[in-house]
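Participant: This is the content of entry34.cif (mmCIF, C-alpha atoms; chains and numbers go by the auth columns):
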```cif
data_work
loop_
_atom_site.group_PDB
_atom_site.id
_atom_site.type_symbol
_atom_site.label_atom_id
_atom_site.label_comp_id
_atom_site.label_asym_id
_atom_site.label_seq_id
_atom_site.Cartn_x
_atom_site.Cartn_y
_atom_site.Cartn_z
_atom_site.B_iso_or_equiv
_atom_site.auth_seq_id
_atom_site.auth_asym_id
ATOM 1 C CA MET A 1 0.000 0.000 0.000 0.00 1 A
ATOM 2 C CA SER A 2 1.226 3.506 -0.800 0.00 2 A
ATOM 3 C CA SER A 3 1.763 5.874 2.107 0.00 3 A
ATOM 4 C CA PRO A 4 -0.714 8.773 2.343 0.00 4 A
ATOM 5 C CA ALA A 5 0.396 12.090 0.890 0.00 5 A
ATOM 6 C CA PRO A 6 1.422 14.715 3.443 0.00 6 A
ATOM 7 C CA ARG A 7 -1.214 17.300 4.277 0.00 7 A
ATOM 8 C CA PRO A 8 -0.834 20.710 2.567 0.00 8 A
ATOM 9 C CA GLY A 9 -0.407 22.411 5.945 0.00 9 A
ATOM 10 C CA ARG A 10 2.519 20.185 6.856 0.00 10 A
ATOM 11 C CA ARG A 11 4.120 20.721 3.447 0.00 11 A
ATOM 12 C CA SER A 12 4.039 24.496 3.845 0.00 12 A
ATOM 13 C CA LEU A 13 5.385 24.159 7.394 0.00 13 A
ATOM 14 C CA ALA A 14 8.289 22.058 6.137 0.00 14 A
ATOM 15 C CA LEU A 15 8.916 24.640 3.405 0.00 15 A
ATOM 16 C CA MET A 16 9.019 27.453 5.960 0.00 16 A
ATOM 17 C CA LEU A 17 11.516 25.588 8.132 0.00 17 A
ATOM 18 C CA LEU A 18 13.700 24.743 5.125 0.00 18 A
ATOM 19 C CA LEU A 19 13.736 28.348 3.909 0.00 19 A
ATOM 20 C CA THR A 20 14.558 29.610 7.406 0.00 20 A
ATOM 21 C CA VAL A 21 17.444 27.207 7.952 0.00 21 A
ATOM 22 C CA LEU A 22 18.950 27.753 4.495 0.00 22 A
ATOM 23 C CA GLY A 23 18.557 31.515 4.746 0.00 23 A
ATOM 24 C CA ALA A 24 20.115 31.721 8.202 0.00 24 A
ATOM 25 C CA VAL A 25 23.028 29.467 7.202 0.00 25 A
ATOM 26 C CA LEU A 26 23.757 31.622 4.151 0.00 26 A
ATOM 27 C CA VAL A 27 23.637 34.846 6.152 0.00 27 A
ATOM 28 C CA LEU A 28 25.731 33.622 9.075 0.00 28 A
ATOM 29 C CA THR A 29 28.292 32.033 6.760 0.00 29 A
ATOM 30 C CA ALA A 30 28.551 35.129 4.579 0.00 30 A
ATOM 31 C CA THR A 31 28.977 37.552 7.468 0.00 31 A
ATOM 32 C CA GLY A 32 32.041 35.635 8.612 0.00 32 A
ATOM 33 C CA ARG A 33 33.741 36.070 5.237 0.00 33 A
ATOM 34 C CA THR A 34 35.610 39.050 3.764 0.00 34 A
ATOM 35 C CA TRP A 35 33.308 41.660 2.254 0.00 35 A
ATOM 36 C CA ALA A 36 35.747 44.464 1.409 0.00 36 A
ATOM 37 C CA GLU A 37 39.464 44.759 0.683 0.00 37 A
ATOM 38 C CA GLY A 38 41.720 47.736 0.100 0.00 38 A
ATOM 39 C CA VAL A 39 45.093 49.355 0.563 0.00 39 A
ATOM 40 C CA VAL A 40 46.030 52.070 3.033 0.00 40 A
ATOM 41 C CA THR A 41 49.150 54.248 3.014 0.00 41 A
ATOM 42 C CA GLY A 42 50.929 54.718 6.331 0.00 42 A
ATOM 43 C CA THR A 43 52.632 57.853 7.650 0.00 43 A
ATOM 44 C CA ALA A 44 56.061 56.548 6.586 0.00 44 A
ATOM 45 C CA GLY A 45 54.882 55.908 3.042 0.00 45 A
ATOM 46 C CA GLY A 46 54.425 52.164 3.432 0.00 46 A
ATOM 47 C CA ARG A 47 51.324 50.472 2.048 0.00 47 A
ATOM 48 C CA LEU A 48 49.256 47.995 3.995 0.00 48 A
ATOM 49 C CA ASP A 49 46.565 45.659 2.770 0.00 49 A
ATOM 50 C CA VAL A 50 43.361 45.808 4.834 0.00 50 A
ATOM 51 C CA SER A 51 40.182 43.795 4.718 0.00 51 A
ATOM 52 C CA ALA A 52 36.943 43.557 6.685 0.00 52 A
ATOM 53 C CA THR A 53 34.447 40.768 7.190 0.00 53 A
ATOM 54 C CA GLY A 54 30.721 41.306 7.015 0.00 54 A
ATOM 55 C CA SER A 55 30.379 41.140 10.783 0.00 55 A
ATOM 56 C CA ARG A 56 33.004 43.902 11.168 0.00 56 A
ATOM 57 C CA LEU A 57 31.216 46.137 8.684 0.00 57 A
ATOM 58 C CA THR A 58 27.751 45.571 10.132 0.00 58 A
ATOM 59 C CA GLY A 59 26.320 43.277 12.757 0.00 59 A
ATOM 60 C CA LEU A 60 22.764 43.713 11.484 0.00 60 A
ATOM 61 C CA PRO A 61 22.496 40.751 9.058 0.00 61 A
ATOM 62 C CA GLY A 62 23.709 38.207 11.590 0.00 62 A
ATOM 63 C CA GLY A 63 21.444 39.514 14.325 0.00 63 A
ATOM 64 C CA LEU A 64 18.401 39.547 12.059 0.00 64 A
ATOM 65 C CA ALA A 65 19.144 36.000 10.855 0.00 65 A
ATOM 66 C CA LEU A 66 19.163 34.766 14.462 0.00 66 A
ATOM 67 C CA ALA A 67 15.926 36.655 15.105 0.00 67 A
ATOM 68 C CA GLY A 68 14.362 34.941 12.092 0.00 68 A
ATOM 69 C CA MET A 69 15.354 31.520 13.418 0.00 69 A
ATOM 70 C CA ALA A 70 13.902 32.341 16.830 0.00 70 A
ATOM 71 C CA ALA A 71 10.648 33.442 15.188 0.00 71 A
ATOM 72 C CA SER A 72 10.402 30.149 13.282 0.00 72 A
ATOM 73 C CA VAL A 73 10.507 28.308 16.611 0.00 73 A
ATOM 74 C CA ALA A 74 7.972 30.679 18.188 0.00 74 A
ATOM 75 C CA VAL A 75 5.514 29.773 15.415 0.00 75 A
ATOM 76 C CA PHE A 76 4.784 26.479 17.193 0.00 76 A
ATOM 77 C CA ALA A 77 3.759 28.194 20.425 0.00 77 A
ATOM 78 C CA VAL A 78 1.193 30.600 18.988 0.00 78 A
ATOM 79 C CA ARG A 79 -1.916 30.483 16.844 0.00 79 A
ATOM 80 C CA GLY A 80 -4.167 32.669 14.751 0.00 80 A
ATOM 81 C CA ARG A 81 -3.314 36.336 14.406 0.00 81 A
ATOM 82 C CA THR A 82 -0.303 36.026 16.679 0.00 82 A
ATOM 83 C CA ARG A 83 1.202 33.462 14.324 0.00 83 A
ATOM 84 C CA ALA A 84 0.602 35.797 11.391 0.00 84 A
ATOM 85 C CA ALA A 85 2.316 38.586 13.351 0.00 85 A
ATOM 86 C CA VAL A 86 5.340 36.328 13.874 0.00 86 A
ATOM 87 C CA GLY A 87 5.375 35.722 10.135 0.00 87 A
ATOM 88 C CA VAL A 88 5.416 39.463 9.502 0.00 88 A
ATOM 89 C CA LEU A 89 8.399 39.806 11.848 0.00 89 A
ATOM 90 C CA MET A 90 10.224 37.075 9.918 0.00 90 A
ATOM 91 C CA LEU A 91 9.446 38.856 6.673 0.00 91 A
ATOM 92 C CA LEU A 92 10.756 42.164 7.997 0.00 92 A
ATOM 93 C CA ALA A 93 13.890 40.471 9.367 0.00 93 A
ATOM 94 C CA GLY A 94 14.625 39.017 5.939 0.00 94 A
ATOM 95 C CA LEU A 95 14.125 42.355 4.219 0.00 95 A
ATOM 96 C CA GLY A 96 16.376 43.977 6.810 0.00 96 A
ATOM 97 C CA VAL A 97 19.122 41.468 5.999 0.00 97 A
ATOM 98 C CA VAL A 98 18.797 42.267 2.295 0.00 98 A
ATOM 99 C CA ALA A 99 19.003 46.013 2.901 0.00 99 A
ATOM 100 C CA ALA A 100 22.037 45.701 5.195 0.00 100 A
ATOM 101 C CA ALA A 101 23.818 43.342 2.806 0.00 101 A
ATOM 102 C CA VAL A 102 23.263 45.585 -0.207 0.00 102 A
ATOM 103 C CA THR A 103 24.576 48.540 1.795 0.00 103 A
ATOM 104 C CA GLY A 104 27.611 46.520 2.830 0.00 104 A
ATOM 105 C CA ALA A 105 28.316 45.609 -0.787 0.00 105 A
ATOM 106 C CA THR A 106 29.086 49.254 -1.546 0.00 106 A
ATOM 107 C CA ASP A 107 30.316 50.470 1.853 0.00 107 A
ATOM 108 C CA THR A 108 33.781 52.017 2.144 0.00 108 A
ATOM 109 C CA ALA A 109 33.479 53.786 5.503 0.00 109 A
ATOM 110 C CA GLY A 110 33.693 50.486 7.349 0.00 110 A
ATOM 111 C CA LEU A 111 36.970 49.639 5.655 0.00 111 A
ATOM 112 C CA ASP A 112 38.323 53.099 6.539 0.00 112 A
ATOM 113 C CA THR A 113 37.490 52.377 10.172 0.00 113 A
ATOM 114 C CA GLU A 114 39.308 49.062 9.921 0.00 114 A
ATOM 115 C CA ALA A 115 42.327 50.783 8.369 0.00 115 A
ATOM 116 C CA ALA A 116 42.362 53.405 11.124 0.00 116 A
ATOM 117 C CA GLY A 117 42.361 50.687 13.725 0.00 117 A
ATOM 118 C CA ARG A 118 45.191 48.807 12.052 0.00 118 A
ATOM 119 C CA LEU A 119 47.389 51.909 11.813 0.00 119 A
ATOM 120 C CA ALA A 120 46.205 53.586 15.023 0.00 120 A
ATOM 121 C CA LEU A 121 45.622 56.656 12.873 0.00 121 A
ATOM 122 C CA ALA A 122 42.248 58.382 12.901 0.00 122 A
ATOM 123 C CA GLY A 123 42.609 59.865 9.413 0.00 123 A
ATOM 124 C CA ALA A 124 43.535 56.627 7.630 0.00 124 A
ATOM 125 C CA HIS A 125 41.745 56.164 4.329 0.00 125 A
ATOM 126 C CA ALA A 126 41.538 52.930 2.350 0.00 126 A
ATOM 127 C CA GLU A 127 42.226 53.089 -1.361 0.00 127 A
ATOM 128 C CA HIS A 128 41.589 50.725 -4.264 0.00 128 A
ATOM 129 C CA VAL A 129 38.636 49.294 -2.373 0.00 129 A
ATOM 130 C CA THR A 130 37.053 46.176 -3.843 0.00 130 A
ATOM 131 C CA HIS A 131 34.090 44.140 -2.620 0.00 131 A
ATOM 132 C CA THR A 132 33.606 40.396 -2.758 0.00 132 A
ATOM 133 C CA LEU A 133 30.448 38.450 -3.573 0.00 133 A
ATOM 134 C CA TRP A 134 29.752 37.526 0.045 0.00 134 A
ATOM 135 C CA PRO A 135 27.405 40.481 0.685 0.00 135 A
ATOM 136 C CA TRP A 136 25.223 39.202 -2.136 0.00 136 A
ATOM 137 C CA VAL A 137 25.247 35.711 -0.614 0.00 137 A
ATOM 138 C CA ALA A 138 23.968 37.280 2.589 0.00 138 A
ATOM 139 C CA ALA A 139 21.325 39.139 0.595 0.00 139 A
ATOM 140 C CA ALA A 140 20.200 35.844 -0.950 0.00 140 A
ATOM 141 C CA GLY A 141 19.864 34.412 2.547 0.00 141 A
ATOM 142 C CA GLY A 142 17.766 37.420 3.523 0.00 142 A
ATOM 143 C CA VAL A 143 15.455 36.749 0.575 0.00 143 A
ATOM 144 C CA LEU A 144 14.951 33.169 1.802 0.00 144 A
ATOM 145 C CA LEU A 145 14.129 34.424 5.301 0.00 145 A
ATOM 146 C CA ALA A 146 11.625 36.891 3.866 0.00 146 A
ATOM 147 C CA LEU A 147 10.010 34.091 1.857 0.00 147 A
ATOM 148 C CA ALA A 148 9.761 31.995 5.024 0.00 148 A
ATOM 149 C CA GLY A 149 7.913 34.873 6.673 0.00 149 A
ATOM 150 C CA ALA A 150 5.566 35.213 3.703 0.00 150 A
ATOM 151 C CA VAL A 151 4.771 31.481 3.828 0.00 151 A
ATOM 152 C CA THR A 152 4.008 31.816 7.545 0.00 152 A
ATOM 153 C CA VAL A 153 1.620 34.706 6.974 0.00 153 A
ATOM 154 C CA ARG A 154 -0.145 32.933 4.123 0.00 154 A
ATOM 155 C CA ALA A 155 -0.377 29.343 5.375 0.00 155 A
ATOM 156 C CA GLY A 156 0.437 29.458 9.090 0.00 156 A
ATOM 157 C CA ARG A 157 -3.192 29.081 10.177 0.00 157 A
ATOM 158 C CA ASP A 158 -3.191 25.495 8.857 0.00 158 A
ATOM 159 C CA TRP A 159 -0.126 24.398 10.832 0.00 159 A
ATOM 160 C CA PRO A 160 -0.312 22.295 13.985 0.00 160 A
ATOM 161 C CA ALA A 161 0.336 24.005 17.294 0.00 161 A
ATOM 162 C CA MET A 162 2.004 22.901 20.497 0.00 162 A
ATOM 163 C CA GLY A 163 0.252 19.966 22.173 0.00 163 A
ATOM 164 C CA ALA A 164 -2.324 20.466 24.892 0.00 164 A
ATOM 165 C CA ARG A 165 0.041 19.069 27.513 0.00 165 A
ATOM 166 C CA TYR A 166 2.172 22.201 27.088 0.00 166 A
ATOM 167 C CA GLU A 167 -0.754 24.504 27.673 0.00 167 A
ATOM 168 C CA ALA A 168 -1.927 25.789 31.047 0.00 168 A
ATOM 169 C CA PRO A 169 -4.394 23.349 32.637 0.00 169 A
ATOM 170 C CA ALA A 170 -7.991 24.426 32.482 0.00 170 A
ATOM 171 C CA ARG A 171 -9.504 25.612 35.689 0.00 171 A
ATOM 172 C CA ARG A 172 -11.912 23.082 37.108 0.00 172 A
ATOM 173 C CA THR A 173 -15.108 24.442 38.544 0.00 173 A
ATOM 174 C CA ALA A 174 -16.226 22.947 41.823 0.00 174 A
ATOM 175 C CA PRO A 175 -19.594 21.178 41.632 0.00 175 A
ATOM 176 C CA ALA A 176 -22.489 23.089 43.086 0.00 176 A
ATOM 177 C CA PRO A 177 -23.501 21.978 46.587 0.00 177 A
ATOM 178 C CA ARG A 178 -26.334 19.547 46.630 0.00 178 A
ATOM 179 C CA ALA A 179 -29.546 21.222 47.641 0.00 179 A
ATOM 180 C CA ALA A 180 -31.315 19.785 50.650 0.00 180 A
ATOM 181 C CA ARG A 181 -34.559 18.026 49.923 0.00 181 A
ATOM 182 C CA PRO A 182 -37.422 20.026 51.407 0.00 182 A
ATOM 183 C CA VAL A 183 -39.392 18.446 54.218 0.00 183 A
ATOM 184 C CA ASP A 184 -43.129 18.942 53.995 0.00 184 A
ATOM 185 C CA SER A 185 -43.967 18.681 57.691 0.00 185 A
ATOM 186 C CA ALA A 186 -42.572 17.888 61.116 0.00 186 A
ATOM 187 C CA ALA A 187 -44.453 14.558 61.083 0.00 187 A
ATOM 188 C CA GLU A 188 -42.667 13.402 57.944 0.00 188 A
ATOM 189 C CA LEU A 189 -39.375 14.466 59.512 0.00 189 A
ATOM 190 C CA TRP A 190 -39.954 12.216 62.542 0.00 190 A
ATOM 191 C CA LYS A 191 -41.054 9.330 60.347 0.00 191 A
ATOM 192 C CA ALA A 192 -37.883 9.577 58.321 0.00 192 A
ATOM 193 C CA LEU A 193 -35.772 9.592 61.470 0.00 193 A
ATOM 194 C CA ASP A 194 -37.591 6.494 62.724 0.00 194 A
ATOM 195 C CA ARG A 195 -36.719 4.692 59.475 0.00 195 A
ATOM 196 C CA GLY A 196 -33.034 5.598 59.939 0.00 196 A
ATOM 197 C CA GLU A 197 -33.016 8.059 57.009 0.00 197 A
ATOM 198 C CA ASP A 198 -31.501 11.509 56.941 0.00 198 A
ATOM 199 C CA PRO A 199 -34.298 13.753 55.699 0.00 199 A
ATOM 200 C CA THR A 200 -31.872 16.574 54.884 0.00 200 A
ATOM 201 C CA ARG A 201 -30.248 14.579 51.995 0.00 201 A
#
```
Here is a file; write its structure as structure tokens.

Facilitator:
Amino acid sequence: MSSPAPRPGRRSLALMLLLTVLGAVLVLTATGRTWAEGVVTGTAGGRLDVSATGSRLTGLPGGLALAGMAASVAVFAVRGRTRAAVGVLMLLAGLGVVAAAVTGATDTAGLDTEAAGRLALAGAHAEHVTHTLWPWVAAAGGVLLALAGAVTVRAGRDWPAMGARYEAPARRTAPAPRAARPVDSAAELWKALDRGEDPTR
């Protein structure tokens, strides 16, 4: 017998998780690589090669990638509109990664700061600055994170949520006290007592 096809909700959930993991891996890998290279001239006329990784130029892509991963986990703990709101946050985090990566792909001020630190000279200026492809790899990861957020907003309502055992136990209401059975007359009360019955129950 053929195994049943996975439900559409579970397929979209798996897609969201895949996009999040791939996007975060791309961003975190890219930010650890060299984004910009250049040459700086020292006070004695010597020339020094300088370079800067993505994390030295800007810490925004890495932080947003981690936030996107945290949001993908939070999806399982919420439902309804709150889940859609988490999806919007993932989408915005991905777009933020793209914007920061594109800015880093053309940034030269960060490399000047790196050169100043290397030479201990505030006015150091990097020349012949070139940029690698790693900022664009980070941007691609940001696109994947944004897509994961869009999938969450669109299909998140169909995804399973955390099991009931993780939820707060429902408050049990105490049963109402049993009303005493009315006694019609004093004579019936004495008769009931003679029979060994409790007329108040």

Participant: For A:Leu144, which residue among A:Val50, A:Val98, A:Ala14, A:Val78 is the nearest when counting only C-alpha atoms?

Facilitator: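 Closest to A:Leu144, using only C-alpha atoms: A:Val98.
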
Participant: Interatomic distance between atom CA of A:Gly141 and atom CA of A:Thr108?

Facilitator: 22.4 Å

Participant: Considering all atoms listed in the file, can you say which of A:Leu15, A:Ala138, A:Val151, A:Ala116 comes closest to A:Trp35?

Facilitator: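 So, comparing all the options, the nearest one is A:Ala138.
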
Participant: Enter the distance from atom CA of A:Ala71 to atom CA of A:Gly54, in Å, rounded to one decimal.

Facilitator: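 The value is 23.1 Å.
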
Participant: Written as number ranges by chain, which residues does the PyMOL selection byres ((chain A and resi 114) around 9) give for the file shown?

Facilitator: A: 50-52, 56-57, 109-113, 115-119, 124, 126

Participant: Hey, can you check how far atom CA of A:Leu18 sits from atom CA of A:Ser72?

Facilitator: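 Atom CA of A:Ser72 lies at a distance of 10.3 Å from atom CA of A:Leu18.
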
Participant: Convert the output of the PyMOL selection byres ((chain A and resi 67) around 12) on the shown file into explicit residues, formatted as an MDAnalysis selection string.

Facilitator: chainID A and resid 20:21 23:24 27:28 60:66 68:74 86:87 89:94 96:97 142 145 149

Participant: Would you kindly return, as an MDAnalysis selection string, each protein, DNA or RNA residue with an atom no farther than 6 Å from any atom of A:Val129, considering all atoms listed in the file and excluding same-chain residues fewer than 2 positions away?

Facilitator: chainID A and resid 37:38 127

Participant: From the options A:Val102, A:Leu13, A:Val39, A:Ala150, which residue's atoms come nearest to A:Phe76, counting all atoms listed in the file?

Facilitator: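 Under the stated criterion, the closest residue is A:Leu13.
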
Participant: In the coordinate frame of the file, compute which residues have an atom within 9 Å of (-1.7, 26.7, 12.7) when using all atoms listed in the file, and state them as a list in words.

Facilitator: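 Nearby residues: Gly9, Val75, Phe76, Val78, Arg79, Gly80, Arg83, Ala155, Gly156, Arg157, Asp158, Trp159, Pro160 and Ala161 of chain A.
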
Participant: In terms of the shortest atom-to-atom distance over all atoms listed in the file, which of A:Ser12, A:Pro135, A:Asp49, A:His128 is closest to A:Ala30?

Facilitator: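 Among A:Ser12, A:Pro135, A:Asp49, A:His128, it is A:Pro135 that comes nearest to A:Ala30.
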
Participant: Rank nothing, just name the residue among A:Thr41, A:Thr82, A:Thr152, A:Thr31 nearest to A:Gly59, using all atoms listed in the file.

Facilitator: A:Thr31

Participant: Decode the PyMOL selection byres ((chain A and resi 132) around 9) for the given file into explicit residues and return them as a ChimeraX atom specification.

Facilitator: /A:34-37,105,130-131,133-136

Participant: Go ahead and save the picked residues with C-alpha atoms, as a PDB file, in the frame of the given file.

Facilitator:
```pdb
ATOM      1  CA  THR A  34      35.610  39.050   3.764  1.00  0.00           C
ATOM      2  CA  TRP A  35      33.308  41.660   2.254  1.00  0.00           C
ATOM      3  CA  ALA A  36      35.747  44.464   1.409  1.00  0.00           C
ATOM      4  CA  GLU A  37      39.464  44.759   0.683  1.00  0.00           C
ATOM      5  CA  ALA A 105      28.316  45.609  -0.787  1.00  0.00           C
ATOM      6  CA  THR A 130      37.053  46.176  -3.843  1.00  0.00           C
ATOM      7  CA  HIS A 131      34.090  44.140  -2.620  1.00  0.00           C
ATOM      8  CA  LEU A 133      30.448  38.450  -3.573  1.00  0.00           C
ATOM      9  CA  TRP A 134      29.752  37.526   0.045  1.00  0.00           C
ATOM     10  CA  PRO A 135      27.405  40.481   0.685  1.00  0.00           C
ATOM     11  CA  TRP A 136      25.223  39.202  -2.136  1.00  0.00           C
TER      12      TRP A 136
END
```
